[in-house]
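Coordinates from run21.cif are shown below (mmCIF, C-alpha atoms).
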data_target
#
loop_
_atom_site.label_atom_id
_atom_site.label_comp_id
_atom_site.auth_asym_id
_atom_site.auth_seq_id
_atom_site.Cartn_x
_atom_site.Cartn_y
_atom_site.Cartn_z
CA SER A 1 91.46 96.10 63.83
CA ASN A 2 94.88 97.68 63.34
CA LEU A 3 96.62 94.76 65.08
CA GLY A 4 94.78 92.33 62.81
CA ASP A 5 96.00 94.26 59.78
CA VAL A 6 99.58 94.06 61.07
CA ASP A 7 99.25 90.30 61.56
CA ARG A 8 97.91 89.79 58.03
CA PHE A 9 100.64 92.06 56.67
CA TRP A 10 103.59 90.18 58.12
CA ARG A 11 102.15 86.69 57.64
CA ALA A 12 101.53 87.28 53.92
CA ARG A 13 105.06 88.58 53.40
CA PHE A 14 106.63 85.95 55.65
CA ASN A 15 105.11 83.18 53.51
CA ARG A 16 106.86 84.58 50.43
CA LEU A 17 110.34 84.43 52.02
CA SER A 18 113.08 81.96 51.14
CA SER A 19 114.03 79.38 53.78
CA GLU A 20 117.34 81.22 54.41
CA ALA A 21 115.55 84.53 55.02
CA LYS A 22 113.07 82.82 57.39
CA SER A 23 115.89 81.33 59.47
CA ILE A 24 117.68 84.69 59.65
CA LEU A 25 114.45 86.44 60.68
CA ALA A 26 114.18 84.03 63.60
CA PHE A 27 117.58 85.19 64.88
CA ILE A 28 116.72 88.86 64.34
CA GLY A 29 113.42 88.41 66.19
CA THR A 30 115.01 86.68 69.20
CA GLY A 31 118.04 88.97 69.37
CA ASP A 32 116.44 91.30 71.97
CA ALA A 33 118.49 94.18 70.48
CA PRO A 34 119.65 95.48 67.09
CA VAL A 35 121.91 92.92 65.39
CA SER A 36 124.72 93.09 62.83
CA ILE A 37 125.50 91.24 59.62
CA SER A 38 128.61 89.71 61.21
CA GLN A 39 126.56 88.36 64.12
CA LEU A 40 123.99 86.84 61.76
CA THR A 41 126.78 85.31 59.67
CA GLU A 42 128.27 83.60 62.72
CA LEU A 43 124.88 82.48 64.03
CA THR A 44 123.59 81.00 60.76
CA GLY A 45 126.78 79.89 59.01
CA LEU A 46 125.30 81.11 55.70
CA GLY A 47 128.30 83.23 54.73
CA GLU A 48 127.62 85.73 51.95
CA GLU A 49 124.00 84.54 51.71
CA VAL A 50 123.27 86.60 54.82
CA ASP A 51 123.54 89.89 52.92
CA VAL A 52 121.19 88.61 50.23
CA SER A 53 118.66 87.34 52.78
CA VAL A 54 118.74 90.56 54.84
CA PHE A 55 118.12 92.54 51.63
CA GLU A 56 115.15 90.23 50.95
CA LEU A 57 113.76 90.94 54.43
CA VAL A 58 114.21 94.68 53.96
CA ARG A 59 112.50 94.53 50.58
CA GLN A 60 109.54 92.73 52.15
CA ARG A 61 109.51 95.45 54.82
CA LEU A 62 109.90 93.00 57.66
CA VAL A 63 113.19 94.42 58.98
CA ASN A 64 115.00 97.76 59.01
CA ASP A 65 118.69 97.95 58.11
CA ASP A 66 120.53 101.24 58.62
CA ALA A 67 123.47 99.77 56.65
CA THR A 68 126.07 101.08 59.08
CA GLY A 69 127.83 97.72 59.33
CA LYS A 70 127.23 97.56 63.08
CA GLU A 71 124.25 96.42 65.18
CA CYS A 72 121.69 98.15 63.00
CA ILE A 73 119.17 95.50 61.91
CA THR A 74 115.80 95.31 63.68
CA VAL A 75 112.33 93.92 63.07
CA VAL A 76 110.14 96.76 61.80
CA HIS A 77 107.39 96.33 64.43
CA ASP A 78 107.20 94.79 67.92
CA ARG A 79 103.97 93.05 66.91
CA ILE A 80 105.79 91.28 64.07
CA ALA A 81 108.59 90.18 66.42
CA GLN A 82 106.02 88.91 68.95
CA GLY A 83 104.02 87.05 66.30
CA LEU A 84 107.17 85.52 64.85
CA ILE A 85 108.30 84.21 68.23
CA GLU A 86 104.84 82.83 69.01
CA ASN A 87 104.78 80.91 65.73
CA LEU A 88 108.30 79.49 65.86
CA ASP A 89 108.73 75.81 66.62
CA PRO A 90 109.74 75.53 70.34
CA ASN A 91 112.93 73.64 69.50
CA GLU A 92 113.89 76.21 66.88
CA LEU A 93 113.15 79.02 69.33
CA HIS A 94 115.25 77.44 72.10
CA GLN A 95 118.11 76.83 69.68
CA ALA A 96 118.05 80.47 68.54
CA HIS A 97 118.26 81.67 72.14
CA LEU A 98 121.08 79.24 72.95
CA SER A 99 122.99 80.38 69.88
CA TRP A 100 122.64 84.00 70.94
CA ALA A 101 123.77 83.20 74.48
CA ALA A 102 126.82 81.35 73.20
CA LEU A 103 127.73 84.14 70.79
CA LEU A 104 127.38 86.94 73.37
CA SER A 105 129.35 84.91 75.94
CA LYS A 106 132.32 84.84 73.55
CA GLU A 107 132.42 88.63 73.26
CA ASN A 108 135.33 90.50 74.84
CA ARG A 109 133.00 92.08 77.41
CA PRO A 110 130.52 89.39 78.53
CA ARG A 111 129.66 91.44 81.63
CA ASP A 112 128.26 94.16 79.35
CA PHE A 113 125.87 91.62 77.84
CA ALA A 114 125.04 89.81 81.09
CA GLY A 115 121.36 90.76 81.02
CA ARG A 116 120.91 89.63 77.43
CA ILE A 117 122.82 86.39 77.98
CA ALA A 118 120.76 85.56 81.07
CA GLY A 119 117.55 86.39 79.21
CA HIS A 120 118.46 84.05 76.34
CA TYR A 121 119.31 81.19 78.71
CA TYR A 122 116.07 81.66 80.64
CA ALA A 123 114.10 81.73 77.38
CA ALA A 124 115.75 78.42 76.45
CA ASN A 125 114.85 76.93 79.86
CA LYS A 126 118.52 76.75 80.86
CA ASP A 127 118.10 78.35 84.27
CA GLY A 128 121.35 76.92 85.65
CA SER A 129 123.38 78.47 82.84
CA ALA A 130 121.51 81.76 83.26
CA LEU A 131 122.15 82.13 87.00
CA PRO A 132 125.72 83.59 87.02
CA PHE A 133 124.77 86.06 84.28
CA ALA A 134 121.57 87.04 86.13
CA ILE A 135 123.64 87.81 89.22
CA MET A 136 126.01 89.84 87.06
CA ALA A 137 123.07 91.66 85.42
CA ALA A 138 121.65 92.57 88.83
CA ASP A 139 124.99 94.04 89.86
CA ASN A 140 125.30 95.95 86.56
CA ALA A 141 121.83 97.46 86.91
CA ASP A 142 122.45 98.39 90.54
CA ARG A 143 125.72 100.13 89.65
CA ALA A 144 123.95 102.01 86.84
CA PHE A 145 121.22 103.14 89.30
CA ALA A 146 118.61 101.18 87.32
CA LYS A 147 117.15 100.08 90.63
CA SER A 148 113.86 98.67 89.32
CA GLU A 149 115.70 96.47 86.80
CA ALA A 150 118.17 95.40 89.48
CA GLY A 151 115.30 94.42 91.78
CA GLU A 152 113.74 92.30 89.02
CA TRP A 153 117.01 90.45 88.46
CA HIS A 154 117.35 89.80 92.20
CA GLU A 155 113.77 88.48 92.15
CA ARG A 156 114.75 86.04 89.40
CA VAL A 157 117.88 84.91 91.22
CA LEU A 158 115.92 84.33 94.44
CA GLN A 159 114.09 81.42 92.81
CA GLN A 160 117.36 79.56 92.28
CA VAL A 161 119.47 80.09 95.40
CA ALA A 162 119.30 79.13 99.06
CA GLY A 163 120.97 79.89 102.40
CA ASP A 164 123.17 82.96 102.68
CA ALA A 165 122.91 83.65 98.93
CA ARG A 166 119.11 83.75 99.16
CA ASP A 167 119.28 86.09 102.16
CA LYS A 168 121.62 88.42 100.26
CA HIS A 169 119.43 88.63 97.16
CA LEU A 170 116.29 88.97 99.29
CA ARG A 171 117.81 92.00 101.01
CA ASP A 172 119.03 93.39 97.69
CA ALA A 173 115.59 92.98 96.09
CA ALA A 174 113.95 94.84 99.00
CA ARG A 175 116.58 97.60 98.89
CA CYS A 176 116.48 98.05 95.11
CA PHE A 177 112.68 98.25 94.93
CA HIS A 178 112.77 100.66 97.88
CA GLU A 179 115.34 102.87 96.14
CA ALA A 180 113.35 102.63 92.90
CA ASP A 181 110.39 104.12 94.80
CA LEU A 182 108.25 101.01 94.31
CA PRO A 183 106.89 100.78 97.87
CA ASP A 184 104.29 98.12 97.09
CA LYS A 185 106.92 95.65 95.82
CA ALA A 186 109.56 96.60 98.39
CA SER A 187 107.18 96.13 101.34
CA GLY A 188 106.52 92.51 100.38
CA TYR A 189 110.21 91.65 100.54
CA TYR A 190 110.71 93.52 103.83
CA LEU A 191 107.86 91.46 105.33
CA ILE A 192 109.57 88.25 104.17
CA LEU A 193 112.82 89.48 105.73
CA ALA A 194 110.95 90.24 108.96
CA ASP A 195 109.46 86.72 109.05
CA GLU A 196 112.90 85.16 108.54
CA ALA A 197 114.94 87.50 110.77
CA ARG A 198 116.64 85.88 113.76
CA ASP A 199 117.65 89.12 115.42
CA THR A 200 114.81 90.85 117.27
CA ARG A 201 115.99 94.37 116.48
CA GLU A 202 116.32 93.54 112.81
CA ARG A 203 112.87 91.93 112.72
CA TYR A 204 111.29 95.08 114.14
CA SER A 205 113.29 97.24 111.74
CA PHE A 206 112.05 95.30 108.69
CA GLN A 207 108.46 95.42 109.95
CA ILE A 208 108.65 99.17 110.50
CA ILE A 209 109.99 99.77 106.98
CA ALA A 210 107.29 97.51 105.48
CA ILE A 211 104.47 99.31 107.33
CA GLN A 212 105.89 102.71 106.39
CA LEU A 213 105.99 101.72 102.70
CA LEU A 214 102.48 100.26 102.74
CA VAL A 215 101.10 103.45 104.29
CA ARG A 216 103.02 105.55 101.75
CA CYS A 217 101.45 103.75 98.79
CA GLY A 218 97.95 103.80 100.31
CA GLN A 219 97.72 100.07 101.10
CA MET A 220 95.96 100.76 104.40
CA GLU A 221 93.96 97.52 104.45
CA GLN A 222 97.20 95.56 104.51
CA ALA A 223 98.99 98.05 106.76
CA ARG A 224 96.36 98.30 109.54
CA PRO A 225 96.67 94.73 110.96
CA LEU A 226 100.47 94.95 110.78
CA PHE A 227 100.33 98.35 112.48
CA ALA A 228 98.02 97.01 115.23
CA ASN A 229 100.21 93.94 115.88
CA LEU A 230 103.42 95.95 116.15
CA VAL A 231 101.82 98.64 118.31
CA ASN A 232 100.73 95.87 120.67
CA GLU A 233 104.17 94.21 120.70
CA LEU A 234 105.93 97.50 121.41
CA GLY A 235 103.48 98.55 124.11
CA ILE A 236 102.23 101.66 122.32
CA GLU A 237 98.70 102.69 123.26
CA ILE A 238 96.60 104.16 120.46
CA HIS A 239 93.08 105.33 121.37
CA GLN A 240 90.46 107.20 119.38
CA HIS A 241 89.13 109.98 121.61
CA GLY A 242 87.24 113.23 121.18
CA SER A 243 88.35 116.85 121.02
CA ASP A 244 88.98 117.02 124.80
CA SER A 245 91.81 114.50 124.48
CA THR A 246 93.32 116.57 121.64
CA LEU A 247 93.67 119.50 124.03
CA GLU A 248 95.24 117.19 126.62
CA HIS A 249 97.66 115.79 124.04
CA ARG A 250 98.65 119.31 123.01
CA GLN A 251 99.36 120.24 126.62
CA ASN A 252 101.42 117.08 127.09
CA LEU A 253 103.36 117.75 123.90
CA THR A 254 104.10 121.31 125.05
CA ARG A 255 105.37 119.96 128.37
CA LEU A 256 107.50 117.29 126.69
CA ALA A 257 108.94 119.73 124.12
CA ALA A 258 110.12 121.99 126.95
CA LYS A 259 111.72 119.09 128.85
CA LEU A 260 113.35 117.61 125.76
CA SER A 261 114.93 120.95 124.90
CA VAL A 262 117.08 120.73 128.05
CA VAL A 263 120.04 118.94 126.45
CA LYS A 264 123.67 119.89 126.83
CA SER A 265 125.56 120.63 123.63
CA CYS A 266 128.53 118.55 124.83
CA ASP A 267 126.21 115.52 125.20
CA ILE A 268 124.95 115.98 121.64
CA GLU A 269 128.50 116.19 120.27
CA SER A 270 129.46 113.05 122.19
CA ALA A 271 126.43 111.14 120.87
CA ILE A 272 127.13 112.20 117.28
CA ARG A 273 130.80 111.18 117.55
CA SER A 274 129.92 107.73 118.91
CA GLY A 275 127.30 107.20 116.18
CA PRO A 276 123.94 105.45 116.41
CA GLN A 277 123.95 101.94 117.87
CA LEU A 278 121.26 100.46 115.69
CA THR A 279 122.64 96.99 115.16
CA SER A 280 123.36 95.79 118.68
CA PRO A 281 122.35 92.13 118.97
CA ALA A 282 119.36 91.51 121.20
CA SER A 283 121.44 89.20 123.39
CA THR A 284 123.74 92.05 124.47
CA ALA A 285 121.04 94.66 125.07
CA ASP A 286 118.53 94.98 127.89
CA ALA A 287 115.12 93.78 126.64
CA SER A 288 113.29 96.87 127.89
CA ASP A 289 115.83 99.19 126.23
CA LEU A 290 115.52 97.21 123.01
CA ILE A 291 111.73 97.57 122.99
CA ALA A 292 112.00 101.27 123.85
CA ASN A 293 114.48 101.93 121.03
CA CYS A 294 112.34 100.01 118.51
CA ALA A 295 109.23 101.84 119.70
CA MET A 296 110.98 105.20 119.18
CA ASP A 297 111.96 104.13 115.66
CA PHE A 298 108.37 103.07 115.01
CA CYS A 299 106.89 106.34 116.28
CA SER A 300 109.34 108.39 114.25
CA GLU A 301 109.12 106.51 110.95
CA ILE A 302 105.39 105.73 110.88
CA SER A 303 104.18 109.16 112.02
CA ARG A 304 105.48 110.81 108.83
CA PRO A 305 103.45 108.91 106.20
CA MET A 306 100.47 108.42 108.52
CA ALA A 307 99.97 112.13 109.31
CA MET A 308 97.82 112.69 106.22
CA LEU A 309 95.72 109.55 106.77
CA ASP A 310 95.16 109.19 110.52
CA PHE A 311 95.74 112.44 112.39
CA ARG A 312 94.79 111.20 115.88
CA SER A 313 96.94 108.08 115.73
CA THR A 314 99.88 110.13 114.44
CA MET A 315 99.50 112.60 117.30
CA GLN A 316 99.63 109.76 119.83
CA LEU A 317 102.68 108.24 118.13
CA VAL A 318 104.54 111.55 118.48
CA LEU A 319 103.44 111.80 122.11
CA HIS A 320 104.51 108.23 122.94
CA GLY A 321 107.83 108.60 121.14
CA SER A 322 108.53 111.85 123.00
CA GLU A 323 107.80 110.18 126.35
CA LEU A 324 110.19 107.34 125.49
CA ALA A 325 112.89 109.76 124.30
CA LEU A 326 112.65 111.63 127.60
CA ARG A 327 113.06 108.43 129.64
CA HIS A 328 115.29 106.24 127.45
CA GLY A 329 116.65 108.33 124.59
CA ASN A 330 120.13 109.63 123.99
CA PRO A 331 120.67 113.36 123.34
CA VAL A 332 120.05 112.96 119.60
CA ASP A 333 116.75 111.15 120.28
CA LYS A 334 115.71 113.97 122.60
CA ILE A 335 116.49 116.63 120.02
CA HIS A 336 114.63 114.64 117.34
CA PHE A 337 111.46 114.08 119.34
CA GLY A 338 111.67 117.50 120.96
CA THR A 339 111.55 119.01 117.47
CA MET A 340 108.61 116.78 116.53
CA ALA A 341 106.76 117.68 119.75
CA SER A 342 107.31 121.40 119.17
CA THR A 343 106.10 121.16 115.59
CA TRP A 344 102.97 119.24 116.56
CA THR A 345 102.25 121.64 119.42
CA ALA A 346 102.20 124.51 116.93
CA LEU A 347 100.08 122.43 114.54
CA LEU A 348 97.50 121.67 117.22
CA SER A 349 97.39 125.21 118.63
CA GLY A 350 95.15 126.57 115.86
CA ARG A 351 94.84 130.34 116.30
CA ASP A 352 96.39 130.37 119.76
CA ARG A 353 99.28 132.74 118.98
CA GLU A 354 100.83 132.43 122.44
CA VAL A 355 101.19 128.66 122.11
CA CYS A 356 102.60 129.04 118.59
CA ASP A 357 105.19 131.54 119.77
CA GLN A 358 106.18 129.32 122.70
CA SER A 359 106.47 126.33 120.40
CA LEU A 360 108.60 128.32 117.95
CA GLN A 361 110.94 129.45 120.72
CA THR A 362 111.35 125.86 121.94
CA LEU A 363 111.99 124.69 118.38
CA ARG A 364 114.65 127.34 117.83
CA LYS A 365 116.30 126.35 121.10
CA GLN A 366 116.36 122.71 119.91
CA LEU A 367 117.81 123.52 116.48
CA ALA A 368 120.44 125.86 117.92
CA LYS A 369 122.05 122.88 119.63
CA LEU A 370 122.72 121.07 116.37
#
Show me the file's structure as structure tokens.
Amino acid sequence: SNLGDVDRFWRARFNRLSSEAKSILAFIGTGDAPVSISQLTELTGLGEEVDVSVFELVRQRLVNDDATGKECITVVHDRIAQGLIENLDPNELHQAHLSWAALLSKENRPRDFAGRIAGHYYAANKDGSALPFAIMAADNADRAFAKSEAGEWHERVLQQVAGDARDKHLRDAARCFHEADLPDKASGYYLILADEARDTRERYSFQIIAIQLLVRCGQMEQARPLFANLVNELGIEIHQHGSDSTLEHRQNLTRLAAKLSVVKSCDIESAIRSGPQLTSPASTADASDLIANCAMDFCSEISRPMAMLDFRSTMQLVLHGSELALRHGNPVDKIHFGTMASTWTALLSGRDREVCDQSLQTLRKQLAKL
């Protein structure tokens, strides 16, 4: 095979190297980035022998050297670097990683090398030394909008911290994977947050996000039991009926859309100025209002991804959310669910032009208030 040829290639040439060149190759292979002559000189203590040994490695076609004087030396093939690392003595490998970590830590900008430093400490089984740099690397990646990388660093940190620090990195891991559009990974962390949440509103919020993400990425087998449990907790009735019930639902949605459109503009402006009250502790809110607000959130957030997968359940979520908005919602809730009800009325009307026109008029009335 081609990989077998590569292995035979580098092993034959590696065996012909001097001991100095072999030791330098170990540092190049574990560097995790292009390296410079000055770095290799400091790491090995070989002085001017480094230039000679690097030339030997280039001649044997084991490394590339652009000869720019900066970080320009790399192993010619990832397979060679992997094979070299696999065949190094564990103590020699750990020492190479520790030497790299120490060297990079002395640089003028250690924060810029935080990810590499943490990686070297982890590779040397020095998790305690790696921790502050892993935290720094997570922050760097987050600031650079490398959300997937940031989430992976938060994952790593989670294994080493407890208490408030663990809660922070758990939330950050969920957020970063969510923002990286990795719904499968993000949902797992939101479910952990839901299990550990002390505040009822926050627990429901995390569960809703997790279910939404699972539905989005097609993990319906995992989403269905979570969906059923939360529907039961929030008192939402979902039934599978025939076409007669669809007509009834359409009529109810038309009725609700008309009622929800009756909102005063001054009430909307007041609600927008005061802002949404989404973080009120459960102890200061009426239990029934809390459940109603969480149920509205559930109906709104889950109906979007579920529309393509379970039409009847989605229709009933919109209907239930609209009923709750009419009874418990603020003006913004009423506008939101009124718009949803109008849209679904038009969707369910088929070729009934009169219903479509009525729905469109109601929708325009709703949007004119915003």
Next on the checklist: Can you pull out the residues contacting Arg13 in chain A? Cut-off 8 Å, using only C-alpha atoms, and skip same-chain residues under 4 positions away; I want them as number ranges by chain.
Outcome noted: A: 9, 17, 60, 62
Next on the checklist: Since I can't run it myself right now, could you work out what the PyMOL selection byres ((chain A and resi 142) around 12) selects here and report it as a VMD selection string?
Outcome noted: chain A and resid 135 to 141 143 to 154 172 to 173 175 to 177 179 to 180
Item to check | Residues within 10 Å of Ile37 in chain A, all atoms listed in the file, excluding chain neighbours under 5 positions, as JSON, numbers by chain | outcome: {"A": [42, 43, 47, 48, 50, 51, 54, 65, 67, 68, 69, 70, 71, 72, 73]}
Protein/DNA/RNA residues near (113.8, 114.4, 129.2), cut 12 Å, all atoms listed in the file, as a short mmCIF file (atom, residue, chain, number, x, y, z; two decimals) with C-alpha atoms, in the coordinates of the input:
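Now in result-v2.cif:
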data_model
loop_
_atom_site.label_atom_id
_atom_site.label_comp_id
_atom_site.auth_asym_id
_atom_site.auth_seq_id
_atom_site.Cartn_x
_atom_site.Cartn_y
_atom_site.Cartn_z
CA ARG A 255 105.37 119.96 128.37
CA LEU A 256 107.50 117.29 126.69
CA ALA A 257 108.94 119.73 124.12
CA ALA A 258 110.12 121.99 126.95
CA LYS A 259 111.72 119.09 128.85
CA LEU A 260 113.35 117.61 125.76
CA SER A 261 114.93 120.95 124.90
CA VAL A 262 117.08 120.73 128.05
CA VAL A 263 120.04 118.94 126.45
CA LYS A 264 123.67 119.89 126.83
CA GLY A 321 107.83 108.60 121.14
CA SER A 322 108.53 111.85 123.00
CA GLU A 323 107.80 110.18 126.35
CA LEU A 324 110.19 107.34 125.49
CA ALA A 325 112.89 109.76 124.30
CA LEU A 326 112.65 111.63 127.60
CA ARG A 327 113.06 108.43 129.64
CA HIS A 328 115.29 106.24 127.45
CA GLY A 329 116.65 108.33 124.59
CA ASN A 330 120.13 109.63 123.99
CA PRO A 331 120.67 113.36 123.34
CA VAL A 332 120.05 112.96 119.60
CA ASP A 333 116.75 111.15 120.28
CA LYS A 334 115.71 113.97 122.60
CA ILE A 335 116.49 116.63 120.02
CA HIS A 336 114.63 114.64 117.34
CA PHE A 337 111.46 114.08 119.34
CA GLY A 338 111.67 117.50 120.96
#
Checklist entry - To one decimal place, how far is CA of Thr345 in chain A from CA of Ile302 in chain A in Å? => result 18.3 Å
